[in-house]
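Shown below: work_31.pdb, with PDB, C-alpha atoms.
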ATOM      1  CA  MET L   1     -97.081  10.640  -4.855
ATOM      2  CA  SER L   2     -95.030  12.713  -7.303
ATOM      3  CA  ASP L   3     -93.525  16.174  -7.654
ATOM      4  CA  THR L   4     -92.543  18.141 -10.807
ATOM      5  CA  THR L   5     -88.993  19.472 -10.894
ATOM      6  CA  HIS L   6     -87.883  22.784 -12.453
ATOM      7  CA  ASP L   7     -86.925  21.044 -15.749
ATOM      8  CA  GLY L   8     -90.283  19.366 -16.113
ATOM      9  CA  ALA L   9     -89.185  15.898 -14.915
ATOM     10  CA  VAL L  10     -91.345  13.972 -12.523
ATOM     11  CA  ALA L  11     -89.684  12.836  -9.258
ATOM     12  CA  LEU L  12     -91.302  10.146  -7.187
ATOM     13  CA  SER L  13     -91.170  10.514  -3.419
ATOM     14  CA  THR L  14     -91.190   7.476  -1.140
ATOM     15  CA  PRO L  15     -94.347   7.147   0.938
ATOM     16  CA  PRO L  16     -93.914   6.911   4.688
ATOM     17  CA  SER L  17     -93.144   3.341   5.736
ATOM     18  CA  ALA L  18     -94.784   1.484   8.576
ATOM     19  CA  ASP L  19     -91.273   0.393   9.620
ATOM     20  CA  ASP L  20     -90.015   3.948  10.200
ATOM     21  CA  GLY L  21     -88.853   4.467  13.733
ATOM     22  CA  LEU L  22     -88.641   0.763  14.605
ATOM     23  CA  SER L  23     -85.451  -0.478  16.245
ATOM     24  CA  ALA L  24     -83.420  -3.330  14.777
ATOM     25  CA  ALA L  25     -84.755  -5.698  17.421
ATOM     26  CA  ALA L  26     -88.338  -4.639  16.685
ATOM     27  CA  LEU L  27     -87.841  -5.096  12.941
ATOM     28  CA  ALA L  28     -86.401  -8.566  13.509
ATOM     29  CA  GLY L  29     -89.338  -9.507  15.688
ATOM     30  CA  LYS L  30     -91.860  -8.123  13.191
ATOM     31  CA  TYR L  31     -90.516 -10.178  10.287
ATOM     32  CA  GLY L  32     -89.545 -13.284  12.264
ATOM     33  CA  LEU L  33     -85.794 -12.843  11.797
ATOM     34  CA  THR L  34     -83.270 -14.503  14.125
ATOM     35  CA  VAL L  35     -79.529 -14.207  14.627
ATOM     36  CA  SER L  36     -77.610 -16.607  12.395
ATOM     37  CA  GLY L  37     -76.076 -19.370  14.492
ATOM     38  CA  ALA L  38     -77.823 -18.242  17.675
ATOM     39  CA  ARG L  39     -77.731 -20.648  20.576
ATOM     40  CA  PRO L  40     -80.969 -22.645  20.893
ATOM     41  CA  GLY L  41     -82.572 -23.427  24.209
ATOM     42  CA  LEU L  42     -81.097 -26.297  26.200
ATOM     43  CA  PHE L  43     -83.938 -28.766  25.563
ATOM     44  CA  GLU L  44     -84.133 -27.772  21.894
ATOM     45  CA  TYR L  45     -80.377 -28.341  21.692
ATOM     46  CA  VAL L  46     -80.776 -31.833  23.112
ATOM     47  CA  GLN L  47     -83.423 -32.551  20.472
ATOM     48  CA  GLN L  48     -81.140 -31.275  17.715
ATOM     49  CA  LEU L  49     -78.324 -33.455  19.010
ATOM     50  CA  TRP L  50     -80.585 -36.510  19.058
ATOM     51  CA  GLY L  51     -81.599 -35.707  15.500
ATOM     52  CA  ARG L  52     -77.923 -35.913  14.481
ATOM     53  CA  ARG L  53     -77.369 -39.294  16.147
ATOM     54  CA  HIS L  54     -76.792 -41.046  12.813
ATOM     55  CA  PHE L  55     -74.156 -38.470  11.891
ATOM     56  CA  ILE L  56     -72.472 -38.928  15.273
ATOM     57  CA  MET L  57     -72.305 -42.705  14.854
ATOM     58  CA  ALA L  58     -71.075 -42.529  11.254
ATOM     59  CA  PHE L  59     -68.485 -39.864  12.067
ATOM     60  CA  SER L  60     -67.081 -41.858  14.998
ATOM     61  CA  ARG L  61     -66.820 -45.036  12.894
ATOM     62  CA  ALA L  62     -65.107 -43.148  10.070
ATOM     63  CA  LYS L  63     -62.582 -41.616  12.463
ATOM     64  CA  LEU L  64     -61.885 -45.009  14.031
ATOM     65  CA  THR L  65     -61.304 -46.605  10.618
ATOM     66  CA  ALA L  66     -59.077 -43.771   9.420
ATOM     67  CA  GLN L  67     -56.994 -43.625  12.607
ATOM     68  CA  TYR L  68     -54.595 -46.398  11.578
ATOM     69  CA  SER L  69     -55.360 -46.539   7.855
ATOM     70  CA  GLN L  70     -51.761 -45.636   6.922
ATOM     71  CA  ALA L  71     -50.178 -48.266   9.204
ATOM     72  CA  LYS L  72     -49.305 -51.710   7.841
ATOM     73  CA  LEU L  73     -50.865 -53.450  10.839
ATOM     74  CA  GLY L  74     -53.945 -51.265  10.525
ATOM     75  CA  GLN L  75     -56.552 -51.681  13.274
ATOM     76  CA  LEU L  76     -54.305 -54.088  15.219
ATOM     77  CA  TRP L  77     -52.599 -50.999  16.667
ATOM     78  CA  GLN L  78     -55.811 -50.271  18.573
ATOM     79  CA  VAL L  79     -54.931 -53.229  20.789
ATOM     80  CA  ALA L  80     -51.154 -53.376  20.309
ATOM     81  CA  THR L  81     -50.501 -49.832  21.582
ATOM     82  CA  PRO L  82     -51.991 -50.235  25.095
ATOM     83  CA  LEU L  83     -50.540 -53.756  25.328
ATOM     84  CA  LEU L  84     -47.049 -52.445  24.606
ATOM     85  CA  ASN L  85     -47.583 -49.697  27.182
ATOM     86  CA  ALA L  86     -48.613 -52.340  29.720
ATOM     87  CA  LEU L  87     -45.474 -54.350  28.934
ATOM     88  CA  VAL L  88     -43.252 -51.314  29.503
ATOM     89  CA  TYR L  89     -44.997 -50.489  32.784
ATOM     90  CA  TYR L  90     -44.624 -54.104  33.932
ATOM     91  CA  LEU L  91     -40.890 -54.086  33.240
ATOM     92  CA  ILE L  92     -40.325 -50.767  35.013
ATOM     93  CA  PHE L  93     -42.867 -50.825  37.821
ATOM     94  CA  GLY L  94     -43.576 -54.533  38.269
ATOM     95  CA  LEU L  95     -40.047 -55.962  38.000
ATOM     96  CA  ILE L  96     -37.667 -53.102  38.772
ATOM     97  CA  LEU L  97     -39.645 -51.000  41.270
ATOM     98  CA  GLY L  98     -41.696 -53.874  42.705
ATOM     99  CA  THR L  99     -45.071 -52.130  42.737
ATOM    100  CA  ARG L 100     -46.940 -55.448  42.676
ATOM    101  CA  ARG L 101     -46.373 -55.912  46.386
ATOM    102  CA  GLY L 102     -49.356 -57.618  47.982
ATOM    103  CA  MET L 103     -50.476 -59.164  44.666
ATOM    104  CA  THR L 104     -49.596 -62.436  43.008
ATOM    105  CA  LEU L 105     -48.437 -62.413  39.392
ATOM    106  CA  GLU L 106     -51.809 -63.943  38.366
ATOM    107  CA  VAL L 107     -53.544 -60.857  39.770
ATOM    108  CA  PHE L 108     -50.981 -58.182  38.949
ATOM    109  CA  ILE L 109     -50.793 -58.776  35.182
ATOM    110  CA  PRO L 110     -54.579 -58.445  34.583
ATOM    111  CA  PHE L 111     -54.586 -55.605  37.153
ATOM    112  CA  LEU L 112     -51.958 -53.692  35.179
ATOM    113  CA  VAL L 113     -53.412 -54.368  31.718
ATOM    114  CA  THR L 114     -56.891 -53.361  32.907
ATOM    115  CA  GLY L 115     -55.539 -50.137  34.367
ATOM    116  CA  VAL L 116     -53.723 -49.216  31.162
ATOM    117  CA  PHE L 117     -56.696 -50.009  28.899
ATOM    118  CA  VAL L 118     -59.278 -48.234  31.062
ATOM    119  CA  PHE L 119     -57.178 -45.139  31.738
ATOM    120  CA  THR L 120     -56.310 -44.892  28.030
ATOM    121  CA  PHE L 121     -60.059 -44.659  27.370
ATOM    122  CA  THR L 122     -60.300 -41.516  29.495
ATOM    123  CA  GLN L 123     -56.976 -40.106  28.307
ATOM    124  CA  SER L 124     -57.840 -40.491  24.617
ATOM    125  CA  SER L 125     -61.307 -38.992  25.112
ATOM    126  CA  VAL L 126     -59.840 -35.916  26.792
ATOM    127  CA  MET L 127     -57.135 -35.434  24.161
ATOM    128  CA  ALA L 128     -59.653 -35.847  21.331
ATOM    129  CA  GLY L 129     -61.985 -33.402  23.071
ATOM    130  CA  VAL L 130     -59.313 -30.702  23.211
ATOM    131  CA  ARG L 131     -59.032 -30.779  19.394
ATOM    132  CA  ALA L 132     -62.700 -31.496  18.648
ATOM    133  CA  ILE L 133     -63.503 -27.911  17.587
ATOM    134  CA  SER L 134     -60.095 -26.399  16.794
ATOM    135  CA  GLY L 135     -59.132 -29.405  14.664
ATOM    136  CA  ASN L 136     -62.376 -29.415  12.655
ATOM    137  CA  LEU L 137     -62.906 -25.720  11.922
ATOM    138  CA  GLY L 138     -63.611 -26.396   8.246
ATOM    139  CA  LEU L 139     -66.534 -28.634   9.162
ATOM    140  CA  VAL L 140     -67.744 -26.280  11.891
ATOM    141  CA  ARG L 141     -67.770 -23.247   9.576
ATOM    142  CA  ALA L 142     -69.217 -25.030   6.551
ATOM    143  CA  LEU L 143     -72.196 -26.846   8.076
ATOM    144  CA  HIS L 144     -74.888 -26.007  10.604
ATOM    145  CA  PHE L 145     -75.219 -28.701  13.250
ATOM    146  CA  PRO L 146     -75.019 -28.923  17.056
ATOM    147  CA  ARG L 147     -71.314 -28.545  17.796
ATOM    148  CA  ALA L 148     -71.564 -30.996  20.702
ATOM    149  CA  SER L 149     -71.832 -33.693  18.038
ATOM    150  CA  LEU L 150     -68.052 -33.540  17.591
ATOM    151  CA  PRO L 151     -66.799 -34.192  21.161
ATOM    152  CA  VAL L 152     -69.583 -36.760  21.670
ATOM    153  CA  SER L 153     -68.568 -38.607  18.506
ATOM    154  CA  PHE L 154     -64.907 -38.597  19.561
ATOM    155  CA  SER L 155     -65.816 -40.079  22.944
ATOM    156  CA  LEU L 156     -67.899 -42.695  21.156
ATOM    157  CA  GLN L 157     -64.916 -43.464  18.925
ATOM    158  CA  GLN L 158     -62.765 -44.116  21.992
ATOM    159  CA  LEU L 159     -65.474 -46.350  23.476
ATOM    160  CA  GLN L 160     -65.549 -48.442  20.313
ATOM    161  CA  GLN L 161     -61.767 -48.733  20.440
ATOM    162  CA  LEU L 162     -61.912 -49.847  24.077
ATOM    163  CA  LEU L 163     -64.510 -52.516  23.232
ATOM    164  CA  TYR L 164     -62.059 -54.029  20.746
ATOM    165  CA  SER L 165     -59.397 -53.950  23.446
ATOM    166  CA  MET L 166     -61.733 -55.638  25.942
ATOM    167  CA  ILE L 167     -61.514 -58.824  23.880
ATOM    168  CA  VAL L 168     -57.764 -58.934  24.478
ATOM    169  CA  LEU L 169     -58.271 -57.936  28.118
ATOM    170  CA  ALA L 170     -60.649 -60.857  28.601
ATOM    171  CA  LEU L 171     -58.083 -63.238  27.083
ATOM    172  CA  VAL L 172     -55.398 -61.882  29.422
ATOM    173  CA  ALA L 173     -57.663 -62.388  32.426
ATOM    174  CA  ILE L 174     -58.513 -65.941  31.382
ATOM    175  CA  GLY L 175     -54.843 -66.680  30.707
ATOM    176  CA  PHE L 176     -54.016 -65.751  34.303
ATOM    177  CA  GLY L 177     -56.828 -67.705  35.932
ATOM    178  CA  SER L 178     -59.792 -65.294  36.035
ATOM    179  CA  TYR L 179     -62.562 -67.095  34.181
ATOM    180  CA  PRO L 180     -65.879 -65.633  32.958
ATOM    181  CA  SER L 181     -68.573 -65.356  35.628
ATOM    182  CA  LEU L 182     -71.661 -63.308  36.397
ATOM    183  CA  ALA L 183     -69.382 -60.685  37.956
ATOM    184  CA  TRP L 184     -68.154 -59.826  34.463
ATOM    185  CA  LEU L 185     -71.586 -58.287  33.773
ATOM    186  CA  LEU L 186     -70.633 -55.468  36.166
ATOM    187  CA  ILE L 187     -68.250 -54.245  33.476
ATOM    188  CA  VAL L 188     -71.242 -52.924  31.488
ATOM    189  CA  PRO L 189     -72.515 -50.347  34.044
ATOM    190  CA  ALA L 190     -68.938 -49.419  34.955
ATOM    191  CA  LEU L 191     -68.084 -48.651  31.315
ATOM    192  CA  ALA L 192     -71.400 -46.816  30.851
ATOM    193  CA  MET L 193     -70.600 -44.512  33.781
ATOM    194  CA  GLN L 194     -67.077 -43.957  32.514
ATOM    195  CA  PHE L 195     -68.363 -43.119  29.027
ATOM    196  CA  VAL L 196     -70.725 -40.461  30.407
ATOM    197  CA  PHE L 197     -67.908 -39.048  32.544
ATOM    198  CA  ASN L 198     -65.477 -39.031  29.594
ATOM    199  CA  THR L 199     -68.036 -37.344  27.334
ATOM    200  CA  GLY L 200     -68.642 -34.578  29.865
ATOM    201  CA  LEU L 201     -64.914 -34.070  30.252
ATOM    202  CA  ALA L 202     -64.449 -34.027  26.450
ATOM    203  CA  LEU L 203     -67.151 -31.349  26.145
ATOM    204  CA  ILE L 204     -65.397 -29.195  28.743
ATOM    205  CA  MET L 205     -62.043 -29.590  27.047
ATOM    206  CA  ALA L 206     -63.571 -28.928  23.610
ATOM    207  CA  ARG L 207     -64.792 -25.495  24.708
ATOM    208  CA  LEU L 208     -61.487 -24.668  26.392
ATOM    209  CA  GLY L 209     -59.477 -25.956  23.432
ATOM    210  CA  SER L 210     -61.544 -23.995  20.902
ATOM    211  CA  LYS L 211     -60.113 -20.728  22.221
ATOM    212  CA  THR L 212     -56.766 -21.980  23.553
ATOM    213  CA  PRO L 213     -55.123 -24.327  21.011
ATOM    214  CA  ASP L 214     -51.963 -24.444  23.153
ATOM    215  CA  LEU L 215     -53.954 -26.493  25.656
ATOM    216  CA  ALA L 216     -53.318 -29.520  23.429
ATOM    217  CA  GLN L 217     -49.586 -29.193  24.189
ATOM    218  CA  LEU L 218     -50.155 -28.965  27.941
ATOM    219  CA  MET L 219     -52.664 -31.799  28.350
ATOM    220  CA  PRO L 220     -50.201 -34.731  27.928
ATOM    221  CA  PHE L 221     -48.353 -33.568  31.061
ATOM    222  CA  ILE L 222     -51.599 -33.208  33.002
ATOM    223  CA  MET L 223     -52.828 -36.623  31.877
ATOM    224  CA  ARG L 224     -49.512 -38.275  32.749
ATOM    225  CA  THR L 225     -49.683 -36.814  36.261
ATOM    226  CA  TRP L 226     -53.286 -38.004  36.591
ATOM    227  CA  MET L 227     -52.264 -41.492  35.470
ATOM    228  CA  TYR L 228     -49.521 -41.781  38.090
ATOM    229  CA  ALA L 229     -51.943 -40.572  40.777
ATOM    230  CA  SER L 230     -54.685 -43.036  39.834
ATOM    231  CA  GLY L 231     -53.034 -46.358  40.621
ATOM    232  CA  VAL L 232     -52.645 -47.639  37.083
ATOM    233  CA  MET L 233     -49.416 -49.468  37.943
ATOM    234  CA  PHE L 234     -49.906 -50.095  41.671
ATOM    235  CA  SER L 235     -52.486 -50.595  44.388
ATOM    236  CA  ILE L 236     -53.110 -47.234  46.066
ATOM    237  CA  PRO L 237     -53.976 -48.522  49.584
ATOM    238  CA  VAL L 238     -50.993 -50.916  49.597
ATOM    239  CA  MET L 239     -48.420 -48.417  48.319
ATOM    240  CA  LEU L 240     -49.641 -45.619  50.615
ATOM    241  CA  LYS L 241     -50.310 -47.623  53.777
ATOM    242  CA  ASP L 242     -47.554 -45.708  55.616
ATOM    243  CA  LYS L 243     -48.870 -42.309  54.503
ATOM    244  CA  PRO L 244     -51.695 -40.237  56.010
ATOM    245  CA  GLU L 245     -55.029 -41.894  55.312
ATOM    246  CA  TRP L 246     -56.511 -38.821  53.618
ATOM    247  CA  ILE L 247     -53.953 -39.044  50.793
ATOM    248  CA  ALA L 248     -54.943 -42.600  49.875
ATOM    249  CA  SER L 249     -58.652 -41.723  50.178
ATOM    250  CA  MET L 250     -58.259 -38.698  47.895
ATOM    251  CA  LEU L 251     -56.485 -40.774  45.239
ATOM    252  CA  GLN L 252     -58.916 -43.690  45.490
ATOM    253  CA  TYR L 253     -61.955 -41.457  45.063
ATOM    254  CA  ASN L 254     -60.649 -39.728  41.948
ATOM    255  CA  PRO L 255     -62.820 -40.822  38.992
ATOM    256  CA  ALA L 256     -60.063 -42.482  36.965
ATOM    257  CA  ALA L 257     -59.213 -44.756  39.918
ATOM    258  CA  ILE L 258     -62.907 -45.427  40.605
ATOM    259  CA  TYR L 259     -63.675 -46.748  37.118
ATOM    260  CA  MET L 260     -60.446 -48.762  36.899
ATOM    261  CA  ASP L 261     -61.108 -50.452  40.217
ATOM    262  CA  LEU L 262     -64.732 -51.238  39.353
ATOM    263  CA  ILE L 263     -63.665 -53.059  36.200
ATOM    264  CA  ARG L 264     -60.781 -54.793  37.995
ATOM    265  CA  PHE L 265     -63.199 -55.966  40.680
ATOM    266  CA  ALA L 266     -65.585 -57.343  38.054
ATOM    267  CA  LEU L 267     -62.901 -58.989  35.924
ATOM    268  CA  ILE L 268     -60.191 -60.326  38.251
ATOM    269  CA  ASP L 269     -60.982 -63.130  40.685
ATOM    270  CA  GLY L 270     -58.237 -62.212  43.167
ATOM    271  CA  TYR L 271     -59.151 -58.517  43.301
ATOM    272  CA  GLY L 272     -61.833 -58.392  45.979
ATOM    273  CA  SER L 273     -64.035 -55.688  47.456
ATOM    274  CA  GLU L 274     -61.447 -54.977  50.166
ATOM    275  CA  ASN L 275     -59.496 -53.096  47.497
ATOM    276  CA  LEU L 276     -62.381 -50.710  46.813
ATOM    277  CA  PRO L 277     -63.277 -47.584  48.791
ATOM    278  CA  PRO L 278     -66.693 -47.484  50.545
ATOM    279  CA  HIS L 279     -69.751 -46.581  48.427
ATOM    280  CA  VAL L 280     -67.698 -46.936  45.248
ATOM    281  CA  TRP L 281     -70.687 -47.452  42.908
ATOM    282  CA  ILE L 282     -72.498 -44.385  44.247
ATOM    283  CA  VAL L 283     -69.341 -42.293  43.891
ATOM    284  CA  GLY L 284     -68.786 -43.551  40.340
ATOM    285  CA  LEU L 285     -72.387 -42.680  39.412
ATOM    286  CA  ALA L 286     -72.085 -39.246  41.033
ATOM    287  CA  TRP L 287     -68.923 -38.443  39.064
ATOM    288  CA  ALA L 288     -70.601 -39.508  35.810
ATOM    289  CA  VAL L 289     -73.806 -37.512  36.358
ATOM    290  CA  PHE L 290     -72.067 -34.383  37.632
ATOM    291  CA  ILE L 291     -69.343 -34.154  34.980
ATOM    292  CA  GLY L 292     -71.677 -35.335  32.203
ATOM    293  CA  LEU L 293     -74.325 -32.685  32.911
ATOM    294  CA  ALA L 294     -71.892 -29.906  33.816
ATOM    295  CA  GLY L 295     -69.814 -30.547  30.708
ATOM    296  CA  PHE L 296     -72.863 -30.516  28.439
ATOM    297  CA  VAL L 297     -74.243 -27.246  29.848
ATOM    298  CA  TYR L 298     -70.796 -25.609  29.854
ATOM    299  CA  PHE L 299     -70.278 -26.500  26.178
ATOM    300  CA  TRP L 300     -73.811 -25.453  25.171
ATOM    301  CA  LYS L 301     -73.404 -21.970  26.672
ATOM    302  CA  ALA L 302     -70.746 -21.119  24.052
ATOM    303  CA  GLU L 303     -72.508 -22.814  21.108
ATOM    304  CA  GLU L 304     -72.826 -19.646  19.006
ATOM    305  CA  ARG L 305     -69.122 -18.772  19.373
ATOM    306  CA  TYR L 306     -67.540 -21.944  17.966
ATOM    307  CA  GLY L 307     -65.793 -21.340  14.655
ATOM    308  CA  ARG L 308     -66.271 -17.568  14.803
ATOM    309  CA  GLY L 309     -62.523 -16.845  15.122
TER     310      GLY L 309
END
Before anything else, please render the file you have as structure tokens.
Amino acid sequence: MSDTTHDGAVALSTPPSADDGLSAAALAGKYGLTVSGARPGLFEYVQQLWGRRHFIMAFSRAKLTAQYSQAKLGQLWQVATPLLNALVYYLIFGLILGTRRGMTLEVFIPFLVTGVFVFTFTQSSVMAGVRAISGNLGLVRALHFPRASLPVSFSLQQLQQLLYSMIVLALVAIGFGSYPSLAWLLIVPALAMQFVFNTGLALIMARLGSKTPDLAQLMPFIMRTWMYASGVMFSIPVMLKDKPEWIASMLQYNPAAIYMDLIRFALIDGYGSENLPPHVWIVGLAWAVFIGLAGFVYFWKAEERYGRG
């Protein structure tokens, strides 16, 4: 269609478009357009995460290798750090404060080292989760991938580090008279439950830390309080036998204490079932399933906001 202007030029007029009058949402639907970085459905998100499993494994191994790459002792610090912490706690709590009451030295040393190693697994997973998004903004903004890959890979990194430490833990147990037996196989389901719990907690902290970087400064104080309340350096029922029963029960049923005691029970000959709260395996499984699922859903709900400033 054309019109002639007063100076003889021909002006073309635009024909009516079939898109006239359509809203932005209708236009997007008509041409199959979607919001960039929109959150996928929950099951689709799980599929995307599974599709990135090789990236998650490679990223966790790379982080583990790089963690002590500048230190002269290198990867030995993975084991040396918790061992030195255990030595300090033994000097202060075992010798000076006498928290090994009710336990022989052959039980207390593996008890203490196990507590330090296992709690460090949870502590490191939480601290890594806090910085999973805020500390990797360049990666988050440059590439499109399920953001849950980062906290999951950091939890996997801490699991790999713990597995190295378990070799030393086994040697400590053997050195103090607890020899390998079928009970040691119970360590596998206990660590599996703790890994799921830690991953859920890391996902929660990753979302919180993505918007509140100052949380990374607060978490060491929270984790230290949690450590002292979880019986890392002492037996909760023995130390609190003169206190109201509900206090000891509350501390024994907290997840950090649950997973420590399950591994102590499996590993140490002199640490029997009388030291465990009732239904301990069911409680440990419930903590893992609840925190694992809740953490995953909570993180997924903010998927499209990570890295957006």
Near Phe176 (chain L), within 8 Å and counting only C-alpha atoms, which residues show up once chain neighbours fewer than 6 positions away are dropped, as a ChimeraX atom specification?
/L:106-107,109-110
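When all atoms listed in the file are used to compute distances to Thr114 (chain L), the closest of the residues L:Gly98, L:Pro180, L:Gly307, L:Pro82 turns out to be L:Pro82.
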I'd like the residues picked by the PyMOL selection byres ((chain L and resi 164) around 12) written out as a CSV table (one decimal) with C-alpha atoms, in the coordinates of the input, using the chain letters and numbers from the file.
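Once written, out.csv looks like this:
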chain,number,residue,atom,x,y,z
L,64,LEU,CA,-61.9,-45.0,14.0
L,75,GLN,CA,-56.6,-51.7,13.3
L,76,LEU,CA,-54.3,-54.1,15.2
L,77,TRP,CA,-52.6,-51.0,16.7
L,78,GLN,CA,-55.8,-50.3,18.6
L,79,VAL,CA,-54.9,-53.2,20.8
L,80,ALA,CA,-51.2,-53.4,20.3
L,82,PRO,CA,-52.0,-50.2,25.1
L,117,PHE,CA,-56.7,-50.0,28.9
L,121,PHE,CA,-60.1,-44.7,27.4
L,157,GLN,CA,-64.9,-43.5,18.9
L,158,GLN,CA,-62.8,-44.1,22.0
L,159,LEU,CA,-65.5,-46.4,23.5
L,160,GLN,CA,-65.5,-48.4,20.3
L,161,GLN,CA,-61.8,-48.7,20.4
L,162,LEU,CA,-61.9,-49.8,24.1
L,163,LEU,CA,-64.5,-52.5,23.2
L,165,SER,CA,-59.4,-54.0,23.4
L,166,MET,CA,-61.7,-55.6,25.9
L,167,ILE,CA,-61.5,-58.8,23.9
L,168,VAL,CA,-57.8,-58.9,24.5
L,169,LEU,CA,-58.3,-57.9,28.1
L,170,ALA,CA,-60.6,-60.9,28.6
L,171,LEU,CA,-58.1,-63.2,27.1
Neighbours of region 253-269 of chain L within 7 Å (all atoms listed in the file; same-chain residues fewer than 2 positions away dropped), as a PDB file with C-alpha atoms, in the frame of the given file?
ATOM      1  CA  VAL L 107     -53.544 -60.857  39.770  1.00  0.00           C
ATOM      2  CA  PRO L 110     -54.579 -58.445  34.583  1.00  0.00           C
ATOM      3  CA  PHE L 111     -54.586 -55.605  37.153  1.00  0.00           C
ATOM      4  CA  THR L 114     -56.891 -53.361  32.907  1.00  0.00           C
ATOM      5  CA  GLY L 115     -55.539 -50.137  34.367  1.00  0.00           C
ATOM      6  CA  VAL L 118     -59.278 -48.234  31.062  1.00  0.00           C
ATOM      7  CA  PHE L 119     -57.178 -45.139  31.738  1.00  0.00           C
ATOM      8  CA  ALA L 173     -57.663 -62.388  32.426  1.00  0.00           C
ATOM      9  CA  SER L 178     -59.792 -65.294  36.035  1.00  0.00           C
ATOM     10  CA  ALA L 183     -69.382 -60.685  37.956  1.00  0.00           C
ATOM     11  CA  TRP L 184     -68.154 -59.826  34.463  1.00  0.00           C
ATOM     12  CA  LEU L 186     -70.633 -55.468  36.166  1.00  0.00           C
ATOM     13  CA  ILE L 187     -68.250 -54.245  33.476  1.00  0.00           C
ATOM     14  CA  ALA L 190     -68.938 -49.419  34.955  1.00  0.00           C
ATOM     15  CA  GLN L 194     -67.077 -43.957  32.514  1.00  0.00           C
ATOM     16  CA  SER L 230     -54.685 -43.036  39.834  1.00  0.00           C
ATOM     17  CA  GLY L 231     -53.034 -46.358  40.621  1.00  0.00           C
ATOM     18  CA  SER L 249     -58.652 -41.723  50.178  1.00  0.00           C
ATOM     19  CA  MET L 250     -58.259 -38.698  47.895  1.00  0.00           C
ATOM     20  CA  LEU L 251     -56.485 -40.774  45.239  1.00  0.00           C
ATOM     21  CA  TYR L 271     -59.151 -58.517  43.301  1.00  0.00           C
ATOM     22  CA  GLY L 272     -61.833 -58.392  45.979  1.00  0.00           C
ATOM     23  CA  SER L 273     -64.035 -55.688  47.456  1.00  0.00           C
ATOM     24  CA  LEU L 276     -62.381 -50.710  46.813  1.00  0.00           C
ATOM     25  CA  VAL L 280     -67.698 -46.936  45.248  1.00  0.00           C
ATOM     26  CA  GLY L 284     -68.786 -43.551  40.340  1.00  0.00           C
ATOM     27  CA  TRP L 287     -68.923 -38.443  39.064  1.00  0.00           C
TER      28      TRP L 287
END
Separation of CA of Leu137 (chain L) and CA of Val297 (chain L), in Å?
21.3 Å
Rounded to one decimal, what separation in Å do you get between CA of Ile222 (chain L) and CA of Gln123 (chain L)?
9.9 Å
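Residues in contact with Thr99 (chain L) at up to 8 Å, not including ones fewer than 5 positions away on its chain and judged by all atoms listed in the file, are Phe93, Gly94, Met233, Phe234, Ser235 and Met239 of chain L.
Between CA of Ala302 (chain L) and CA of Met193 (chain L) lies a distance of 25.3 Å.
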Counting all atoms listed in the file, closest pick from L:Ser181, L:Ser134, L:Ser155, L:Ser149 relative to Arg308 (chain L) is L:Ser134
Selected by the PyMOL selection byres ((chain L and resi 140) around 12) in the shown coordinates: which residues, as a PyMOL selection string?
chain L and resi 37+132-139+141-150+210+303-309
Can you work out which one of L:Leu83, L:Leu293, L:Ile92, L:Met205 has the shortest atom-to-atom distance to Met219 (chain L), counting only C-alpha atoms?
L:Met205
Where atoms are absent from region 281-291 of chain L, fill them in so it carries N, CA and C atoms, then output it as a JSON list (two decimals), keeping the file's coordinate frame.
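Saved file rebuild19.json follows:
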[["chain", "number", "residue", "atom", "x", "y", "z"],
["L", 281, "TRP", "N", -69.75, -47.56, 44.03],
["L", 281, "TRP", "CA", -70.69, -47.45, 42.91],
["L", 281, "TRP", "C", -71.42, -46.12, 42.93],
["L", 282, "ILE", "N", -71.81, -45.68, 44.12],
["L", 282, "ILE", "CA", -72.50, -44.38, 44.25],
["L", 282, "ILE", "C", -71.57, -43.25, 43.83],
["L", 283, "VAL", "N", -70.31, -43.33, 44.25],
["L", 283, "VAL", "CA", -69.34, -42.29, 43.89],
["L", 283, "VAL", "C", -69.11, -42.28, 42.38],
["L", 284, "GLY", "N", -68.98, -43.47, 41.79],
["L", 284, "GLY", "CA", -68.79, -43.55, 40.34],
["L", 284, "GLY", "C", -69.96, -42.95, 39.58],
["L", 285, "LEU", "N", -71.19, -43.24, 40.05],
["L", 285, "LEU", "CA", -72.39, -42.68, 39.41],
["L", 285, "LEU", "C", -72.44, -41.16, 39.59],
["L", 286, "ALA", "N", -72.06, -40.69, 40.77],
["L", 286, "ALA", "CA", -72.08, -39.25, 41.03],
["L", 286, "ALA", "C", -71.11, -38.51, 40.14],
["L", 287, "TRP", "N", -69.90, -39.06, 39.97],
["L", 287, "TRP", "CA", -68.92, -38.44, 39.06],
["L", 287, "TRP", "C", -69.48, -38.38, 37.64],
["L", 288, "ALA", "N", -70.09, -39.46, 37.18],
["L", 288, "ALA", "CA", -70.60, -39.51, 35.81],
["L", 288, "ALA", "C", -71.71, -38.48, 35.59],
["L", 289, "VAL", "N", -72.67, -38.43, 36.51],
["L", 289, "VAL", "CA", -73.81, -37.51, 36.36],
["L", 289, "VAL", "C", -73.34, -36.06, 36.45],
["L", 290, "PHE", "N", -72.50, -35.77, 37.43],
["L", 290, "PHE", "CA", -72.07, -34.38, 37.63],
["L", 290, "PHE", "C", -71.24, -33.87, 36.45],
["L", 291, "ILE", "N", -70.20, -34.61, 36.07],
["L", 291, "ILE", "CA", -69.34, -34.15, 34.98],
["L", 291, "ILE", "C", -70.09, -34.21, 33.65]]
